[in-house]
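Structure file run-v4.csv; described as CSV, C-alpha atoms and all ligand atoms.
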```csv
chain,number,residue,atom,x,y,z
A,1,MET,CA,74.6,51.4,127.9
A,2,THR,CA,74.8,54.4,125.6
A,3,THR,CA,75.7,54.1,122.0
A,4,GLN,CA,78.6,56.2,121.0
A,5,HIS,CA,79.0,57.6,117.5
A,6,ILE,CA,82.0,55.7,116.1
A,7,PRO,CA,83.4,57.2,112.9
A,8,PRO,CA,84.2,54.8,110.1
A,9,PRO,CA,87.8,53.7,110.2
A,10,THR,CA,90.2,55.4,107.8
A,11,ASP,CA,93.8,54.7,107.1
A,12,ARG,CA,95.1,58.1,108.1
A,13,PRO,CA,94.3,60.9,110.6
A,14,ARG,CA,91.5,63.1,109.3
A,15,PRO,CA,92.1,66.9,109.5
A,16,LYS,CA,89.3,69.1,110.7
A,17,PRO,CA,87.4,70.2,107.5
A,18,TRP,CA,88.1,73.9,108.3
A,19,ILE,CA,91.8,73.2,108.5
A,20,ALA,CA,91.8,71.3,105.2
A,21,ALA,CA,90.0,74.2,103.6
A,22,ILE,CA,93.0,76.6,104.3
A,23,ASP,CA,95.2,77.7,101.4
A,24,ALA,CA,98.7,78.1,103.0
A,25,TYR,CA,100.2,81.6,103.2
A,26,VAL,CA,102.4,82.5,100.2
A,27,PRO,CA,105.5,84.4,101.4
A,28,GLY,CA,107.3,86.9,99.1
A,29,LYS,CA,109.9,85.1,97.0
A,30,SER,CA,113.6,85.8,97.0
A,31,THR,CA,114.6,83.9,93.7
A,32,GLY,CA,113.2,83.6,90.2
A,33,ASP,CA,111.8,80.3,88.9
A,34,ASP,CA,115.3,79.2,88.0
A,35,GLY,CA,116.4,79.6,91.6
A,36,LYS,CA,118.7,82.5,90.9
A,37,ALA,CA,119.0,85.0,93.8
A,38,LEU,CA,117.3,88.3,93.0
A,39,ILE,CA,117.1,91.7,94.7
A,40,LYS,CA,114.1,91.1,97.0
A,41,LEU,CA,111.4,93.8,96.9
A,42,SER,CA,108.6,91.3,97.6
A,43,ALA,CA,108.2,91.2,101.4
A,44,ASN,CA,108.2,94.8,102.6
A,45,GLU,CA,111.5,94.4,104.4
A,46,ASN,CA,113.6,97.5,105.4
A,47,PRO,CA,116.2,98.4,102.7
A,48,LEU,CA,118.3,100.1,105.3
A,49,GLY,CA,118.6,96.8,107.2
A,50,THR,CA,118.4,97.2,111.0
A,51,SER,CA,119.9,99.4,113.7
A,52,ALA,CA,123.6,98.9,114.4
A,53,ALA,CA,122.7,98.6,118.1
A,54,ALA,CA,120.3,95.7,117.3
A,55,ARG,CA,123.1,93.9,115.5
A,56,VAL,CA,125.4,94.3,118.5
A,57,ALA,CA,122.6,93.2,120.9
A,58,ARG,CA,122.1,90.0,118.9
A,59,ALA,CA,125.7,89.0,119.3
A,60,ASP,CA,125.5,89.7,123.1
A,61,ALA,CA,122.0,88.3,123.7
A,62,GLY,CA,123.1,85.9,126.5
A,63,ASP,CA,123.3,82.2,127.3
A,64,GLN,CA,121.5,80.2,124.5
A,65,ALA,CA,121.4,77.2,126.8
A,66,ARG,CA,118.9,79.0,129.0
A,67,TYR,CA,115.2,79.7,128.3
A,68,PRO,CA,114.4,83.3,127.5
A,69,ASP,CA,112.3,85.5,129.9
A,70,PRO,CA,108.8,84.0,129.3
A,71,ASP,CA,107.2,87.4,129.8
A,72,SER,CA,109.6,89.6,127.9
A,73,VAL,CA,109.5,92.1,130.8
A,74,ALA,CA,112.4,94.4,129.7
A,75,LEU,CA,110.9,94.7,126.2
A,76,ARG,CA,107.4,95.3,127.3
A,77,THR,CA,108.6,97.9,129.8
A,78,ALA,CA,110.5,99.8,127.1
A,79,LEU,CA,107.5,99.5,124.7
A,80,GLY,CA,105.2,100.8,127.4
A,81,ARG,CA,107.5,103.8,128.1
A,82,LEU,CA,107.8,104.7,124.4
A,83,HIS,CA,104.1,104.5,123.7
A,84,GLY,CA,102.7,105.5,127.1
A,85,ILE,CA,101.0,102.2,127.7
A,86,ALA,CA,101.0,100.1,130.9
A,87,PRO,CA,103.3,97.1,130.3
A,88,ALA,CA,100.5,94.9,131.7
A,89,ARG,CA,98.4,95.8,128.7
A,90,ILE,CA,101.1,94.6,126.2
A,91,VAL,CA,101.4,91.0,125.0
A,92,MET,CA,104.3,89.9,122.8
A,93,GLY,CA,104.0,87.5,119.9
A,94,THR,CA,106.2,85.4,117.6
A,95,GLY,CA,105.7,88.1,115.0
A,96,SER,CA,102.4,89.9,114.9
A,97,ASP,CA,101.2,86.9,112.8
A,98,GLU,CA,101.0,84.8,116.0
A,99,LEU,CA,98.8,87.5,117.7
A,100,LEU,CA,96.4,87.7,114.8
A,101,HIS,CA,95.9,84.0,115.0
A,102,LEU,CA,95.5,84.1,118.8
A,103,ALA,CA,92.9,86.9,118.5
A,104,GLY,CA,90.9,84.8,116.1
A,105,GLN,CA,91.2,81.7,118.3
A,106,ALA,CA,90.3,83.4,121.5
A,107,PHE,CA,87.2,85.1,120.3
A,108,ALA,CA,85.8,83.1,117.3
A,109,GLY,CA,85.1,79.5,116.5
A,110,PRO,CA,82.8,77.1,114.6
A,111,GLY,CA,79.5,78.9,113.8
A,112,ASP,CA,81.0,82.3,114.1
A,113,GLN,CA,82.1,84.8,111.4
A,114,VAL,CA,85.3,86.8,111.0
A,115,VAL,CA,85.0,89.9,108.7
A,116,TYR,CA,87.8,91.7,106.8
A,117,VAL,CA,88.0,93.8,103.7
A,118,ARG,CA,88.7,92.4,100.2
A,119,TYR,CA,92.4,92.9,99.3
A,120,GLY,CA,93.2,92.8,103.0
A,121,PHE,CA,96.2,91.0,104.6
A,122,SER,CA,96.3,87.4,103.4
A,123,VAL,CA,96.7,86.0,106.9
A,124,TYR,CA,93.1,87.0,107.9
A,125,PRO,CA,91.4,84.2,106.0
A,126,ILE,CA,93.8,81.7,107.4
A,127,ALA,CA,93.3,83.1,111.0
A,128,ALA,CA,89.5,82.8,110.5
A,129,ARG,CA,89.5,79.2,109.1
A,130,ARG,CA,92.1,78.0,111.6
A,131,CYS,CA,89.7,78.5,114.5
A,132,GLY,CA,86.8,77.0,112.5
A,133,ALA,CA,85.0,80.4,111.9
A,134,GLU,CA,83.6,81.5,108.5
A,135,PRO,CA,85.6,84.2,106.7
A,136,VAL,CA,83.4,87.0,105.4
A,137,VAL,CA,84.8,89.4,102.9
A,138,ALA,CA,83.5,93.0,102.7
A,139,PRO,CA,83.8,94.9,99.4
A,140,ASP,CA,86.6,97.5,99.1
A,141,ALA,CA,86.3,101.1,97.9
A,142,ASP,CA,88.9,101.5,95.1
A,143,TYR,CA,91.1,98.9,96.8
A,144,GLY,CA,90.8,100.7,100.2
A,145,THR,CA,89.0,100.0,103.4
A,146,ASP,CA,85.2,100.8,103.1
A,147,VAL,CA,83.8,101.4,106.6
A,148,ASP,CA,80.2,101.2,105.5
A,149,ALA,CA,80.8,97.9,103.6
A,150,LEU,CA,82.5,96.4,106.7
A,151,LEU,CA,79.6,97.5,108.9
A,152,ALA,CA,77.1,96.1,106.4
A,153,ALA,CA,78.9,92.7,106.4
A,154,VAL,CA,78.4,92.4,110.2
A,155,THR,CA,75.8,89.8,111.3
A,156,PRO,CA,74.7,88.4,114.7
A,157,ALA,CA,77.4,85.7,114.1
A,158,THR,CA,80.3,88.2,113.7
A,159,ARG,CA,82.9,87.9,116.5
A,160,VAL,CA,86.0,89.5,115.0
A,161,VAL,CA,86.8,92.3,112.5
A,162,PHE,CA,90.3,92.6,111.1
A,163,VAL,CA,91.5,95.8,109.5
A,164,ALA,CA,95.1,96.5,108.5
A,165,ASN,CA,95.9,100.2,108.6
A,166,PRO,CA,97.8,101.0,106.5
A,167,ASN,CA,96.6,98.0,104.5
A,168,ASN,CA,98.8,95.4,102.8
A,169,PRO,CA,98.9,94.8,99.8
A,170,THR,CA,97.1,98.0,98.8
A,171,GLY,CA,98.9,100.6,100.9
A,172,SER,CA,95.6,102.3,101.6
A,173,TYR,CA,94.8,104.0,104.8
A,174,ALA,CA,91.7,104.8,106.8
A,175,ASP,CA,91.9,108.0,108.8
A,176,ARG,CA,91.1,108.7,112.4
A,177,ASN,CA,87.5,109.6,111.7
A,178,ALA,CA,87.0,106.5,109.6
A,179,LEU,CA,88.4,104.2,112.3
A,180,ALA,CA,86.3,105.9,115.0
A,181,ARG,CA,83.2,105.5,112.8
A,182,LEU,CA,84.0,101.8,112.3
A,183,HIS,CA,84.4,101.2,116.0
A,184,ALA,CA,81.3,103.2,116.9
A,185,GLY,CA,79.3,101.1,114.5
A,186,LEU,CA,80.3,97.7,115.9
A,187,ARG,CA,78.6,95.9,118.7
A,188,ARG,CA,80.7,95.9,121.9
A,189,ASP,CA,80.9,92.1,121.8
A,190,ILE,CA,82.8,92.2,118.5
A,191,LEU,CA,86.6,92.4,118.7
A,192,LEU,CA,88.1,95.0,116.4
A,193,VAL,CA,91.7,94.1,115.5
A,194,ILE,CA,93.6,97.0,114.0
A,195,ASP,CA,96.8,95.6,112.5
A,196,GLN,CA,99.3,98.5,112.5
A,197,ALA,CA,102.3,96.7,110.9
A,198,TYR,CA,103.1,99.9,109.0
A,199,ALA,CA,102.0,102.5,111.5
A,200,GLU,CA,105.6,103.9,112.0
A,201,TYR,CA,105.6,104.9,108.3
A,202,VAL,CA,102.6,107.2,108.8
A,203,PRO,CA,103.4,110.8,109.7
A,204,ALA,CA,102.3,111.8,113.2
A,205,SER,CA,99.9,114.3,111.7
A,206,ASP,CA,98.0,111.4,110.1
A,207,ASP,CA,97.9,109.2,113.2
A,208,ASP,CA,94.8,107.0,112.9
A,209,GLY,CA,94.0,107.0,116.7
A,210,ALA,CA,94.2,103.2,117.0
A,211,LEU,CA,96.3,103.2,120.1
A,212,ASP,CA,93.9,105.7,121.7
A,213,LEU,CA,91.0,103.3,120.9
A,214,ALA,CA,93.0,100.4,122.3
A,215,ALA,CA,93.6,102.4,125.5
A,216,THR,CA,89.9,103.3,126.1
A,217,ALA,CA,87.6,100.7,124.4
A,218,SER,CA,87.1,97.2,125.8
A,219,ASN,CA,86.9,95.6,122.3
A,220,VAL,CA,89.9,97.0,120.4
A,221,LEU,CA,93.2,95.2,120.0
A,222,VAL,CA,96.1,96.9,118.1
A,223,THR,CA,98.9,94.8,116.8
A,224,ARG,CA,102.4,96.1,115.9
A,225,THR,CA,105.6,94.5,114.6
A,226,PHE,CA,109.4,94.8,114.6
A,227,SER,CA,109.5,93.2,111.1
A,228,LYS,CA,109.0,96.3,109.0
A,229,ILE,CA,110.4,99.7,110.0
A,230,TYR,CA,112.6,98.2,112.8
A,231,GLY,CA,114.1,95.8,110.2
A,232,LEU,CA,113.9,92.7,112.3
A,233,ALA,CA,111.7,90.4,110.2
A,234,GLY,CA,114.1,87.5,110.9
A,235,GLU,CA,113.7,87.8,114.6
A,236,ARG,CA,109.9,87.3,114.7
A,237,VAL,CA,108.8,89.9,117.2
A,238,GLY,CA,105.4,91.5,117.4
A,239,TRP,CA,103.2,92.9,120.1
A,240,ALA,CA,99.6,93.8,120.8
A,241,THR,CA,97.8,96.1,123.2
A,242,GLY,CA,94.2,96.5,124.3
A,243,ASP,CA,92.0,96.1,127.3
A,244,ALA,CA,93.6,94.1,130.2
A,245,ALA,CA,90.9,91.3,129.7
A,246,LEU,CA,91.9,90.9,126.0
A,247,VAL,CA,95.6,90.8,126.8
A,248,ASP,CA,94.9,88.2,129.5
A,249,MET,CA,93.2,85.9,127.0
A,250,LEU,CA,96.1,86.1,124.5
A,251,ASN,CA,98.6,85.5,127.3
A,252,ARG,CA,96.8,82.3,128.3
A,253,ILE,CA,97.1,80.7,124.8
A,254,ARG,CA,100.4,82.1,123.5
A,255,GLY,CA,103.5,80.0,123.5
A,256,PRO,CA,105.1,80.2,126.9
A,257,PHE,CA,108.5,81.2,125.5
A,258,ASN,CA,107.3,82.7,122.3
A,259,LEU,CA,110.0,85.3,122.0
A,260,SER,CA,113.6,84.0,121.6
A,261,LEU,CA,116.5,85.3,123.6
A,262,SER,CA,117.9,87.1,120.6
A,263,GLY,CA,114.4,88.4,119.6
A,264,GLN,CA,114.0,90.1,122.9
A,265,ALA,CA,117.5,91.5,123.0
A,266,THR,CA,117.5,92.8,119.4
A,267,ALA,CA,114.0,94.3,119.6
A,268,LEU,CA,115.0,96.1,122.9
A,269,ALA,CA,118.1,97.6,121.3
A,270,ALA,CA,116.2,98.5,118.1
A,271,LEU,CA,113.5,100.3,120.1
A,272,GLY,CA,116.2,102.4,121.8
A,273,ASP,CA,117.4,103.6,118.4
A,274,GLN,CA,114.5,105.9,117.3
A,275,HIS,CA,117.0,107.8,115.1
A,276,PHE,CA,117.2,104.7,112.8
A,277,VAL,CA,113.4,104.6,112.8
A,278,ALA,CA,113.1,108.2,111.7
A,279,GLN,CA,115.8,107.7,109.1
A,280,SER,CA,113.9,104.7,107.7
A,281,ARG,CA,110.6,106.7,107.7
A,282,ASP,CA,112.3,109.7,105.9
A,283,HIS,CA,114.0,107.4,103.3
A,284,ASN,CA,110.7,105.7,102.7
A,285,SER,CA,108.6,108.8,102.2
A,286,ARG,CA,111.2,110.4,99.9
A,287,GLU,CA,111.7,107.3,97.7
A,288,ARG,CA,108.0,106.4,97.7
A,289,ALA,CA,107.1,109.9,96.4
A,290,ARG,CA,109.8,109.7,93.7
A,291,PHE,CA,108.6,106.3,92.6
A,292,VAL,CA,104.9,107.2,92.6
A,293,ALA,CA,105.7,110.3,90.5
A,294,ALA,CA,107.6,108.0,88.0
A,295,ILE,CA,104.7,105.6,87.7
A,296,THR,CA,102.2,108.5,87.5
A,297,ALA,CA,104.2,109.7,84.5
A,298,LEU,CA,103.3,106.4,82.8
A,299,GLY,CA,99.6,107.0,83.3
A,300,ASN,CA,98.9,107.2,79.6
A,301,HIS,CA,100.3,103.6,79.3
A,302,GLY,CA,97.8,102.3,81.8
A,303,LEU,CA,99.9,102.3,84.9
A,304,ARG,CA,98.5,103.7,88.2
A,305,ALA,CA,100.2,103.9,91.5
A,306,LEU,CA,97.7,103.6,94.3
A,307,PRO,CA,98.1,106.1,97.1
A,308,SER,CA,100.3,104.5,99.8
A,309,GLN,CA,101.0,105.2,103.4
A,310,ALA,CA,103.2,102.1,103.7
A,311,ASN,CA,106.7,101.0,102.6
A,312,PHE,CA,105.4,99.6,99.3
A,313,VAL,CA,103.4,100.8,96.3
A,314,LEU,CA,100.7,98.8,94.5
A,315,ILE,CA,100.7,99.4,90.8
A,316,GLU,CA,97.6,98.7,88.7
A,317,PHE,CA,98.1,97.8,85.0
A,318,SER,CA,95.3,98.5,82.6
A,319,GLY,CA,97.2,99.1,79.3
A,320,THR,CA,99.1,96.9,76.9
A,321,LEU,CA,101.8,96.1,79.5
A,322,THR,CA,100.3,93.6,81.9
A,323,ALA,CA,101.3,93.1,85.5
A,324,GLU,CA,102.5,89.6,84.7
A,325,ALA,CA,104.8,90.9,81.9
A,326,ALA,CA,106.1,93.7,84.2
A,327,TYR,CA,106.7,91.1,86.9
A,328,ARG,CA,108.7,88.9,84.5
A,329,GLY,CA,110.5,91.9,83.0
A,330,LEU,CA,111.6,93.0,86.4
A,331,ILE,CA,112.9,89.5,87.2
A,332,ALA,CA,115.0,89.7,84.0
A,333,GLN,CA,116.4,92.9,85.4
A,334,GLY,CA,117.3,91.2,88.7
A,335,PHE,CA,114.3,92.2,90.9
A,336,ILE,CA,111.7,90.1,92.5
A,337,THR,CA,108.5,92.0,93.3
A,338,ARG,CA,105.1,90.7,94.3
A,339,TRP,CA,102.6,89.7,91.6
A,340,LEU,CA,99.2,88.9,93.3
A,341,PRO,CA,97.0,86.7,91.1
A,342,GLY,CA,96.4,84.5,94.2
A,343,GLN,CA,94.8,87.5,96.0
A,344,GLY,CA,92.4,88.5,93.3
A,345,LEU,CA,94.9,91.1,91.9
A,346,PRO,CA,96.3,89.6,88.7
A,347,HIS,CA,96.4,93.1,87.2
A,348,CYS,CA,98.5,94.5,90.0
A,349,LEU,CA,102.2,94.4,91.2
A,350,ARG,CA,103.3,95.3,94.7
A,351,VAL,CA,106.7,96.8,94.9
A,352,THR,CA,108.5,97.3,98.2
A,353,ILE,CA,110.4,100.6,98.5
A,354,GLY,CA,114.1,99.8,98.2
A,355,THR,CA,117.2,102.0,97.9
A,356,ALA,CA,117.2,105.1,95.6
A,357,GLU,CA,119.2,103.3,93.0
A,358,GLN,CA,117.0,100.2,93.0
A,359,MET,CA,113.9,102.4,92.6
A,360,ASP,CA,115.5,104.3,89.7
A,361,THR,CA,116.2,101.0,87.9
A,362,ILE,CA,112.7,99.7,88.5
A,363,ALA,CA,111.1,102.9,87.3
A,364,ALA,CA,113.3,102.9,84.2
A,365,THR,CA,112.5,99.2,83.5
A,366,LEU,CA,108.8,99.7,83.8
A,367,SER,CA,109.0,102.8,81.6
A,368,ARG,CA,110.9,100.8,78.9
A,369,LEU,CA,108.5,97.9,79.1
A,370,ALA,CA,105.4,100.2,79.0
A,371,ARG,CA,106.7,102.1,75.9
A,372,ALA,CA,107.7,99.0,74.0
A,401,LIG,C1,104.1,92.2,107.5
A,401,LIG,C2,102.8,92.3,108.1
A,401,LIG,C3,102.5,91.8,109.4
A,401,LIG,C4,103.7,91.4,110.2
A,401,LIG,O1,104.0,90.2,110.4
A,401,LIG,P1,105.0,89.7,111.5
A,401,LIG,O2,104.5,88.4,111.8
A,401,LIG,O3,105.0,90.6,112.6
A,401,LIG,O4,106.3,89.6,110.7
A,401,LIG,C5,101.3,91.9,109.9
A,401,LIG,N1,100.3,92.5,109.3
A,401,LIG,C6,100.5,93.0,108.0
A,401,LIG,C7,99.3,93.7,107.3
A,401,LIG,C8,101.7,92.9,107.4
A,401,LIG,O5,101.9,93.3,106.2
```

As structure tokens, what does this structure read like?
Amino acid sequence: MTTQHIPPPTDRPRPKPWIAAIDAYVPGKSTGDDGKALIKLSANENPLGTSAAARVARADAGDQARYPDPDSVALRTALGRLHGIAPARIVMGTGSDELLHLAGQAFAGPGDQVVYVRYGFSVYPIAARRCGAEPVVAPDADYGTDVDALLAAVTPATRVVFVANPNNPTGSYADRNALARLHAGLRRDILLVIDQAYAEYVPASDDDGALDLAATASNVLVTRTFSKIYGLAGERVGWATGDAALVDMLNRIRGPFNLSLSGQATALAALGDQHFVAQSRDHNSRERARFVAAITALGNHGLRALPSQANFVLIEFSGTLTAEAAYRGLIAQGFITRWLPGQGLPHCLRVTIGTAEQMDTIAATLSRLARA
């Protein structure tokens, strides 16, 4: 007879230690501490809403009593056509968040390491811990992605590297050469996940080449989302593309019906309205430039707008006006933005680009507070 290891009895289920070590994701708030509804510029949602075609498609999505298409065929076909990708190399996710977790789970586990840059997207440490791997943080370069630091953080235990490009919450961006250098410096058994949640905001002339890498390399997965420029955050639709073997692994472990009926229908309609996408991109670059100029004018009061390629701006506060005071002052003015002490950025505020009028009020409020 063999003796089995029998754990001491406890009065409740014991979570795996790596799960118990997770700090839950903190979503952008929509109210102040008193519960009063505020104008929400804390979650990088589209201030123009979504395409009218997507709203119509939601109403006409079909019979809710039936399961949706488990393989989202119509949506993957349309995505493939738009981006020049074989639909077989596209996998859909319940938001790109699901795909980031699945990528971690499929390729890393206990004893392995997952690398990302400091001030990266706050889902990465959760994705690393959730599969039992060790999160490894590489230093940033003035808040941005530092390719050399990422490569230096790689060890024989590294299995996955996460890079958001543009990055959230910094708005920083690594160009095509930087990404190519990162990929070239990684062992081929390391999965490079390039999270392009904000890619549609980047002008075509600045394309980072991630989709080209995903099309040609065997170890690159690119994730995209309908939550940002398409204005469908509430529908939870994301996708990923890469080598067929990578897509196959994610398909094995994703939820079998992970895209709802209305998610598939609205995303398909939104994809068909590229005019709305272009309009959103133009609005964003115009308002972001105006807002950055307004903050730059407050430079002698210690405010600095970090360069952004996304639909938000991270402001650094180093003068008398603190980020916390600015955050509270904006709440008093009716706006909720994102103050980031939990992400090691207590001296920074992330402001989503809203309407022209909203950005004017925010700039005027910050100016008043900084000069007080
Ligand atoms: C918003 C965001 C996502 C998207 O999440 P969804 O699950 O698709 O809504 C992914 N990555 C980054 C960096 C983001 O900021």

Legend entry - Test item: residues lying within 7 Å of ligand LIG 401 (chain A) with all atoms listed in the file, as JSON, numbers by chain: {"A": [44, 94, 95, 96, 97, 98, 121, 164, 167, 168, 195, 196, 197, 224, 225, 226, 227, 228, 233, 236, 237, 238]}

Selection near range 151-163 of chain A, 9 Å with only C-alpha atoms, sequence-local residues under 5 positions removed, as an mmCIF file with C-alpha atoms, in the coordinates of the input:
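Written file, part.cif:
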```cif
data_model
loop_
_atom_site.group_PDB
_atom_site.id
_atom_site.type_symbol
_atom_site.label_atom_id
_atom_site.label_comp_id
_atom_site.auth_asym_id
_atom_site.auth_seq_id
_atom_site.Cartn_x
_atom_site.Cartn_y
_atom_site.Cartn_z
ATOM 1 C CA LEU A 100 96.400 87.700 114.800
ATOM 2 C CA ALA A 103 92.900 86.900 118.500
ATOM 3 C CA GLY A 104 90.900 84.800 116.100
ATOM 4 C CA PHE A 107 87.200 85.100 120.300
ATOM 5 C CA ALA A 108 85.800 83.100 117.300
ATOM 6 C CA GLY A 109 85.100 79.500 116.500
ATOM 7 C CA GLY A 111 79.500 78.900 113.800
ATOM 8 C CA ASP A 112 81.000 82.300 114.100
ATOM 9 C CA GLN A 113 82.100 84.800 111.400
ATOM 10 C CA VAL A 114 85.300 86.800 111.000
ATOM 11 C CA VAL A 115 85.000 89.900 108.700
ATOM 12 C CA TYR A 116 87.800 91.700 106.800
ATOM 13 C CA VAL A 117 88.000 93.800 103.700
ATOM 14 C CA GLY A 120 93.200 92.800 103.000
ATOM 15 C CA PHE A 121 96.200 91.000 104.600
ATOM 16 C CA TYR A 124 93.100 87.000 107.900
ATOM 17 C CA ALA A 128 89.500 82.800 110.500
ATOM 18 C CA VAL A 136 83.400 87.000 105.400
ATOM 19 C CA VAL A 137 84.800 89.400 102.900
ATOM 20 C CA ALA A 138 83.500 93.000 102.700
ATOM 21 C CA PRO A 139 83.800 94.900 99.400
ATOM 22 C CA THR A 145 89.000 100.000 103.400
ATOM 23 C CA ASP A 146 85.200 100.800 103.100
ATOM 24 C CA LEU A 182 84.000 101.800 112.300
ATOM 25 C CA GLY A 185 79.300 101.100 114.500
ATOM 26 C CA LEU A 186 80.300 97.700 115.900
ATOM 27 C CA ASP A 189 80.900 92.100 121.800
ATOM 28 C CA ILE A 190 82.800 92.200 118.500
ATOM 29 C CA LEU A 191 86.600 92.400 118.700
ATOM 30 C CA LEU A 192 88.100 95.000 116.400
ATOM 31 C CA VAL A 193 91.700 94.100 115.500
ATOM 32 C CA ILE A 194 93.600 97.000 114.000
ATOM 33 C CA ASP A 195 96.800 95.600 112.500
ATOM 34 C CA GLN A 196 99.300 98.500 112.500
#
```

Legend entry - Selection: 12 Å around Leu79 in chain A, only C-alpha atoms, excl. self and same-chain fewer than 4 positions, as number ranges by chain: A: 72-75, 83-92, 224-226, 238-241, 264, 267-272

Legend entry - Residue neighbourhood Phe276 in chain A, 9 Å, all atoms listed in the file, exclusion window fewer than 3 positions, as a PyMOL selection string: chain A and resi 48+50-52+229-230+270+273+279-281

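If all atoms listed in the file are the atoms counted, then among A:Leu349, A:Leu303, A:Ile336, A:Val56 the closest residue to Gly35 in chain A is A:Ile336.
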